[in-house]
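Structure file target_24.cif (mmCIF, C-alpha atoms) follows.
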```
data_target
loop_
_atom_site.group_PDB
_atom_site.id
_atom_site.type_symbol
_atom_site.label_atom_id
_atom_site.label_comp_id
_atom_site.auth_asym_id
_atom_site.auth_seq_id
_atom_site.Cartn_x
_atom_site.Cartn_y
_atom_site.Cartn_z
ATOM 1 C CA MET A 1 0.000 0.000 0.000
ATOM 2 C CA ILE A 2 1.135 3.538 -0.640
ATOM 3 C CA ILE A 3 0.697 4.864 2.911
ATOM 4 C CA ASP A 4 0.855 2.599 5.930
ATOM 5 C CA THR A 5 -1.881 2.024 8.471
ATOM 6 C CA GLN A 6 -0.564 4.447 11.085
ATOM 7 C CA ILE A 7 -0.417 7.460 8.763
ATOM 8 C CA ALA A 8 -3.829 6.633 7.315
ATOM 9 C CA SER A 9 -5.307 6.414 10.844
ATOM 10 C CA LEU A 10 -3.797 9.786 11.727
ATOM 11 C CA PHE A 11 -5.361 11.309 8.610
ATOM 12 C CA THR A 12 -8.709 9.754 9.548
ATOM 13 C CA ALA A 13 -8.446 11.246 13.040
ATOM 14 C CA VAL A 14 -7.644 14.700 11.648
ATOM 15 C CA ALA A 15 -10.573 14.443 9.218
ATOM 16 C CA MET A 16 -12.936 13.529 12.077
ATOM 17 C CA ILE A 17 -11.703 16.494 14.155
ATOM 18 C CA VAL A 18 -12.134 18.911 11.224
ATOM 19 C CA ILE A 19 -15.661 17.620 10.480
ATOM 20 C CA GLY A 20 -16.563 17.966 14.166
ATOM 21 C CA ILE A 21 -15.216 21.508 14.448
ATOM 22 C CA PHE A 22 -17.138 22.507 11.310
ATOM 23 C CA ALA A 23 -20.367 21.051 12.702
ATOM 24 C CA ALA A 24 -19.961 22.599 16.154
ATOM 25 C CA ALA A 25 -19.115 26.016 14.755
ATOM 26 C CA PHE A 26 -21.292 26.500 11.679
ATOM 27 C CA LEU A 27 -24.434 24.368 11.949
ATOM 28 C CA ASP A 28 -27.508 25.888 13.544
ATOM 29 C CA ASN A 29 -29.180 22.829 15.059
ATOM 30 C CA LEU A 30 -28.172 22.113 18.661
ATOM 31 C CA ILE A 31 -28.328 18.303 18.292
ATOM 32 C CA LYS A 32 -26.033 18.499 15.263
ATOM 33 C CA LYS A 33 -23.643 20.621 17.292
ATOM 34 C CA VAL A 34 -23.536 17.852 19.923
ATOM 35 C CA ILE A 35 -22.951 15.253 17.186
ATOM 36 C CA GLY A 36 -19.998 17.348 16.043
ATOM 37 C CA LEU A 37 -18.569 17.408 19.572
ATOM 38 C CA ALA A 38 -18.905 13.602 19.692
ATOM 39 C CA PHE A 39 -16.932 13.397 16.436
ATOM 40 C CA ILE A 40 -14.188 15.601 17.901
ATOM 41 C CA GLY A 41 -13.919 13.214 20.872
ATOM 42 C CA ASP A 42 -13.778 10.169 18.584
ATOM 43 C CA GLY A 43 -11.072 11.796 16.493
ATOM 44 C CA VAL A 44 -8.904 12.621 19.503
ATOM 45 C CA ASN A 45 -9.238 9.049 20.834
ATOM 46 C CA LEU A 46 -8.318 7.637 17.418
ATOM 47 C CA PHE A 47 -5.295 9.959 17.276
ATOM 48 C CA LEU A 48 -4.012 8.731 20.656
ATOM 49 C CA ILE A 49 -4.528 5.076 19.695
ATOM 50 C CA SER A 50 -2.709 5.597 16.388
ATOM 51 C CA MET A 51 0.294 7.094 18.190
ATOM 52 C CA GLY A 52 0.679 3.888 20.230
ATOM 53 C CA TYR A 53 0.404 1.575 17.230
ATOM 54 C CA LYS A 54 3.445 -0.366 16.085
ATOM 55 C CA ALA A 55 3.438 -1.775 12.550
ATOM 56 C CA GLY A 56 3.733 -5.538 12.496
ATOM 57 C CA GLY A 57 3.523 -5.671 16.290
ATOM 58 C CA ILE A 58 1.442 -7.765 18.648
ATOM 59 C CA VAL A 59 -1.221 -7.029 21.247
ATOM 60 C CA TYR A 60 0.313 -6.013 24.598
ATOM 61 C CA ILE A 61 -0.563 -9.242 26.449
ATOM 62 C CA TYR A 62 2.317 -11.135 27.963
ATOM 63 C CA LEU A 63 1.774 -14.856 27.406
ATOM 64 C CA PRO A 64 3.946 -17.613 28.926
ATOM 65 C CA GLY A 65 6.767 -18.642 26.662
ATOM 66 C CA MET A 66 7.506 -15.146 25.299
ATOM 67 C CA ALA A 67 11.016 -13.781 25.681
ATOM 68 C CA SER A 68 10.844 -10.452 27.498
ATOM 69 C CA GLU A 69 13.220 -8.659 25.111
ATOM 70 C CA TRP A 70 11.194 -9.799 22.104
ATOM 71 C CA PHE A 71 7.962 -8.712 23.811
ATOM 72 C CA SER A 72 9.274 -5.249 24.648
ATOM 73 C CA GLN A 73 10.374 -4.724 21.044
ATOM 74 C CA ASN A 74 7.186 -5.965 19.379
ATOM 75 C CA ALA A 75 4.276 -5.066 21.663
ATOM 76 C CA SER A 76 2.355 -1.841 21.049
ATOM 77 C CA TYR A 77 2.556 0.924 23.650
ATOM 78 C CA PRO A 78 -0.163 0.196 26.266
ATOM 79 C CA LEU A 79 -0.444 3.455 28.251
ATOM 80 C CA PRO A 80 -2.705 5.499 25.889
ATOM 81 C CA PHE A 81 -4.987 2.503 25.492
ATOM 82 C CA ALA A 82 -5.718 2.351 29.212
ATOM 83 C CA MET A 83 -6.406 6.083 29.330
ATOM 84 C CA VAL A 84 -8.567 6.184 26.186
ATOM 85 C CA LEU A 85 -10.765 3.519 27.752
ATOM 86 C CA THR A 86 -11.653 6.066 30.448
ATOM 87 C CA SER A 87 -12.003 8.898 27.951
ATOM 88 C CA ILE A 88 -14.646 7.078 25.879
ATOM 89 C CA VAL A 89 -16.926 6.566 28.884
ATOM 90 C CA ILE A 90 -16.492 10.147 30.126
ATOM 91 C CA GLY A 91 -17.307 11.425 26.623
ATOM 92 C CA ALA A 92 -20.542 9.452 26.549
ATOM 93 C CA SER A 93 -21.660 10.758 29.953
ATOM 94 C CA THR A 94 -20.863 14.406 29.152
ATOM 95 C CA MET A 95 -22.841 14.030 25.945
ATOM 96 C CA ALA A 96 -25.804 12.726 27.931
ATOM 97 C CA VAL A 97 -25.670 15.883 30.081
ATOM 98 C CA MET A 98 -25.558 18.076 26.952
ATOM 99 C CA LEU A 99 -28.601 16.338 25.482
ATOM 100 C CA GLY A 100 -30.462 16.801 28.776
ATOM 101 C CA ILE A 101 -29.756 20.533 28.681
ATOM 102 C CA ILE A 102 -31.016 20.609 25.065
ATOM 103 C CA ILE A 103 -34.296 18.972 26.154
ATOM 104 C CA VAL A 104 -34.725 21.585 28.908
ATOM 105 C CA LEU A 105 -34.018 24.380 26.393
ATOM 106 C CA TYR A 106 -36.600 22.926 24.010
ATOM 107 C CA LYS A 107 -39.233 22.865 26.739
ATOM 108 C CA LYS A 108 -38.513 26.494 27.593
ATOM 109 C CA HIS A 109 -38.104 28.013 24.113
ATOM 110 C CA GLY A 110 -39.983 25.616 21.816
ATOM 111 C CA SER A 111 -37.136 25.273 19.354
ATOM 112 C CA ILE A 112 -33.686 23.686 19.047
ATOM 113 C CA LYS A 113 -32.248 26.268 16.674
ATOM 114 C CA ALA A 114 -29.383 28.141 18.272
ATOM 115 C CA SER A 115 -30.227 31.387 16.460
ATOM 116 C CA LYS A 116 -33.823 31.324 17.721
ATOM 117 C CA ILE A 117 -32.851 30.464 21.319
ATOM 118 C CA LEU A 118 -30.266 33.245 21.419
ATOM 119 C CA GLY A 119 -32.876 35.640 19.995
ATOM 120 C CA GLU A 120 -31.048 36.686 16.846
ATOM 121 C CA MET B 1 -5.942 -3.989 3.723
ATOM 122 C CA ILE B 2 -9.566 -3.914 4.846
ATOM 123 C CA GLU B 3 -8.910 -1.261 7.501
ATOM 124 C CA TYR B 4 -8.771 1.423 4.794
ATOM 125 C CA LEU B 5 -12.387 0.561 4.001
ATOM 126 C CA PHE B 6 -13.401 1.199 7.616
ATOM 127 C CA MET B 7 -11.539 4.522 7.680
ATOM 128 C CA LEU B 8 -13.543 5.580 4.614
ATOM 129 C CA THR B 9 -16.765 4.344 6.234
ATOM 130 C CA ALA B 10 -16.078 6.403 9.360
ATOM 131 C CA ILE B 11 -15.470 9.632 7.442
ATOM 132 C CA ILE B 12 -18.371 9.138 5.005
ATOM 133 C CA GLY B 13 -20.746 8.275 7.857
ATOM 134 C CA ALA B 14 -19.679 11.400 9.728
ATOM 135 C CA VAL B 15 -20.289 13.620 6.709
ATOM 136 C CA LEU B 16 -23.638 12.001 5.909
ATOM 137 C CA ALA B 17 -24.794 12.312 9.533
ATOM 138 C CA LEU B 18 -24.401 16.075 9.338
ATOM 139 C CA MET B 19 -26.182 16.371 5.981
ATOM 140 C CA GLN B 20 -29.511 14.801 6.972
ATOM 141 C CA ARG B 21 -32.626 16.852 7.653
ATOM 142 C CA ASP B 22 -34.200 13.974 9.600
ATOM 143 C CA LEU B 23 -32.397 13.890 12.951
ATOM 144 C CA LEU B 24 -33.255 10.217 13.581
ATOM 145 C CA LYS B 25 -31.318 9.224 10.447
ATOM 146 C CA SER B 26 -28.531 11.415 11.759
ATOM 147 C CA ALA B 27 -28.439 9.446 15.025
ATOM 148 C CA ILE B 28 -28.288 6.110 13.202
ATOM 149 C CA LEU B 29 -25.427 7.308 10.971
ATOM 150 C CA THR B 30 -23.552 8.350 14.130
ATOM 151 C CA GLY B 31 -23.817 4.721 15.222
ATOM 152 C CA ILE B 32 -22.316 3.568 11.914
ATOM 153 C CA THR B 33 -19.346 5.880 12.450
ATOM 154 C CA GLY B 34 -18.848 4.567 16.005
ATOM 155 C CA ALA B 35 -18.958 0.938 14.842
ATOM 156 C CA SER B 36 -16.375 1.523 12.096
ATOM 157 C CA ILE B 37 -14.069 3.249 14.565
ATOM 158 C CA ALA B 38 -14.458 0.272 16.930
ATOM 159 C CA ILE B 39 -13.367 -2.142 14.180
ATOM 160 C CA LEU B 40 -10.492 0.213 13.367
ATOM 161 C CA TYR B 41 -9.327 0.020 17.004
ATOM 162 C CA GLN B 42 -9.180 -3.768 16.627
ATOM 163 C CA TYR B 43 -6.837 -3.374 13.649
ATOM 164 C CA LEU B 44 -4.722 -0.871 15.586
ATOM 165 C CA LEU B 45 -3.902 -3.573 18.217
ATOM 166 C CA ALA B 46 -6.210 -2.243 20.949
ATOM 167 C CA PRO B 47 -8.869 -4.922 21.568
ATOM 168 C CA ASP B 48 -10.016 -3.637 24.983
ATOM 169 C CA VAL B 49 -10.664 -0.139 23.629
ATOM 170 C CA ALA B 50 -12.464 -1.770 20.698
ATOM 171 C CA LEU B 51 -14.821 -3.590 23.068
ATOM 172 C CA THR B 52 -15.684 -0.408 24.982
ATOM 173 C CA GLN B 53 -16.096 1.659 21.814
ATOM 174 C CA ALA B 54 -18.307 -1.018 20.250
ATOM 175 C CA ILE B 55 -20.719 -0.834 23.174
ATOM 176 C CA VAL B 56 -20.591 2.911 23.839
ATOM 177 C CA GLY B 57 -20.133 4.256 20.319
ATOM 178 C CA ALA B 58 -22.393 1.925 18.403
ATOM 179 C CA ALA B 59 -25.219 1.342 20.891
ATOM 180 C CA ILE B 60 -25.406 3.830 23.775
ATOM 181 C CA ILE B 61 -24.697 7.114 21.963
ATOM 182 C CA PRO B 62 -27.274 6.576 19.131
ATOM 183 C CA VAL B 63 -29.860 5.625 21.752
ATOM 184 C CA PHE B 64 -29.129 8.865 23.647
ATOM 185 C CA PHE B 65 -29.525 10.874 20.460
ATOM 186 C CA ALA B 66 -32.720 9.033 19.560
ATOM 187 C CA LEU B 67 -34.161 9.771 23.027
ATOM 188 C CA ALA B 68 -33.239 13.456 22.682
ATOM 189 C CA VAL B 69 -34.852 13.588 19.221
ATOM 190 C CA TYR B 70 -37.954 11.877 20.619
ATOM 191 C CA LYS B 71 -38.216 14.456 23.398
ATOM 192 C CA THR B 72 -37.729 17.444 21.048
ATOM 193 C CA ARG B 73 -38.681 17.580 17.366
ATOM 194 C CA ARG B 74 -37.645 15.182 14.629
ATOM 195 C CA MET B 75 -37.358 17.318 11.536
ATOM 196 C CA GLU B 76 -34.847 20.112 11.340
ATOM 197 C CA GLU B 77 -36.772 23.258 10.509
#
```

Let me see the file written as structure tokens.
Amino acid sequence: MIIDTQIASLFTAVAMIVIGIFAAAFLDNLIKKVIGLAFIGDGVNLFLISMGYKAGGIVYIYLPGMASEWFSQNASYPLPFAMVLTSIVIGASTMAVMLGIIIVLYKKHGSIKASKILGE
Amino acid sequence: MIEYLFMLTAIIGAVLALMQRDLLKSAILTGITGASIAILYQYLLAPDVALTQAIVGAAIIPVFFALAVYKTRRMEE
């Protein structure tokens, strides 16, 4: 292949972040703004995972019979994976809070357009 | 080789989710993007993150969006 998997994953992550920033900044619907923020979170998680990837490596599980030097040279870097696991769950719960605030705003103003709620 | 297909699916699903006028279709396309990213995590040697993302990104987040759309209005005016 022309570009390897790591570079292609980094480009995918950057594309997700750009799409999310566009949606959160320029779209008028509040639910679409929240979808854009979810895409930004997905892109950042994918970026961190791609940084820890090692081409041709193995999963970071130490099985009996592996030489420790060989394992340390071939296993992917495990620290961002453990942290991203937390980040995914926190992203989902913050998004639930945002959607709850949108429901309260809809009950008060009768619309989910940002321009109408802000009175412009 | 097949991971390039899932990268394309993630980006195309993200773009299509923002182009819909029906917000319920938008929520379902968000789930497609989350599922492709979960499979991509499996190819990037992170199976535990792939498990969490498959549950949270492909099931819980579209259900949250669908509940929010059900409580507000479905069509974007």

Neighbours of chain B in chain A at 6 Å, counting all atoms listed in the file, as a ChimeraX atom specification | /A:53,59,85

Would you mind listing what lies within 12 Å of Lys116 of chain A as an MDAnalysis selection string, with all atoms listed in the file counted and same-chain residues fewer than 6 positions away left out?
-> (chainID A and resid 28:30 105:106 108:110) or (chainID B and resid 77)

Specify the axis-aligned box that encloses all atoms of segment 6-22 of chain B listed in the file after padding of 5 Å on each side, stating its centre and edge lengths in Å to one decimal as JSON.
```
{"center_x": -22.9, "center_y": 9.0, "center_z": 7.2, "size_x": 32.7, "size_y": 25.7, "size_z": 15.1}
```

Could you tell me how far atom CA of Val18 of chain A lies from atom CA of Leu16 of chain B, in Å and to one decimal?
->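 Separation between atom CA of Val18 of chain A and atom CA of Leu16 of chain B: 14.4 Å.
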
Using only C-alpha atoms, which residue out of A:Asp42, A:Lys32, A:Ala96, A:Met51 lies closest to Lys25 of chain B?
-> A:Lys32
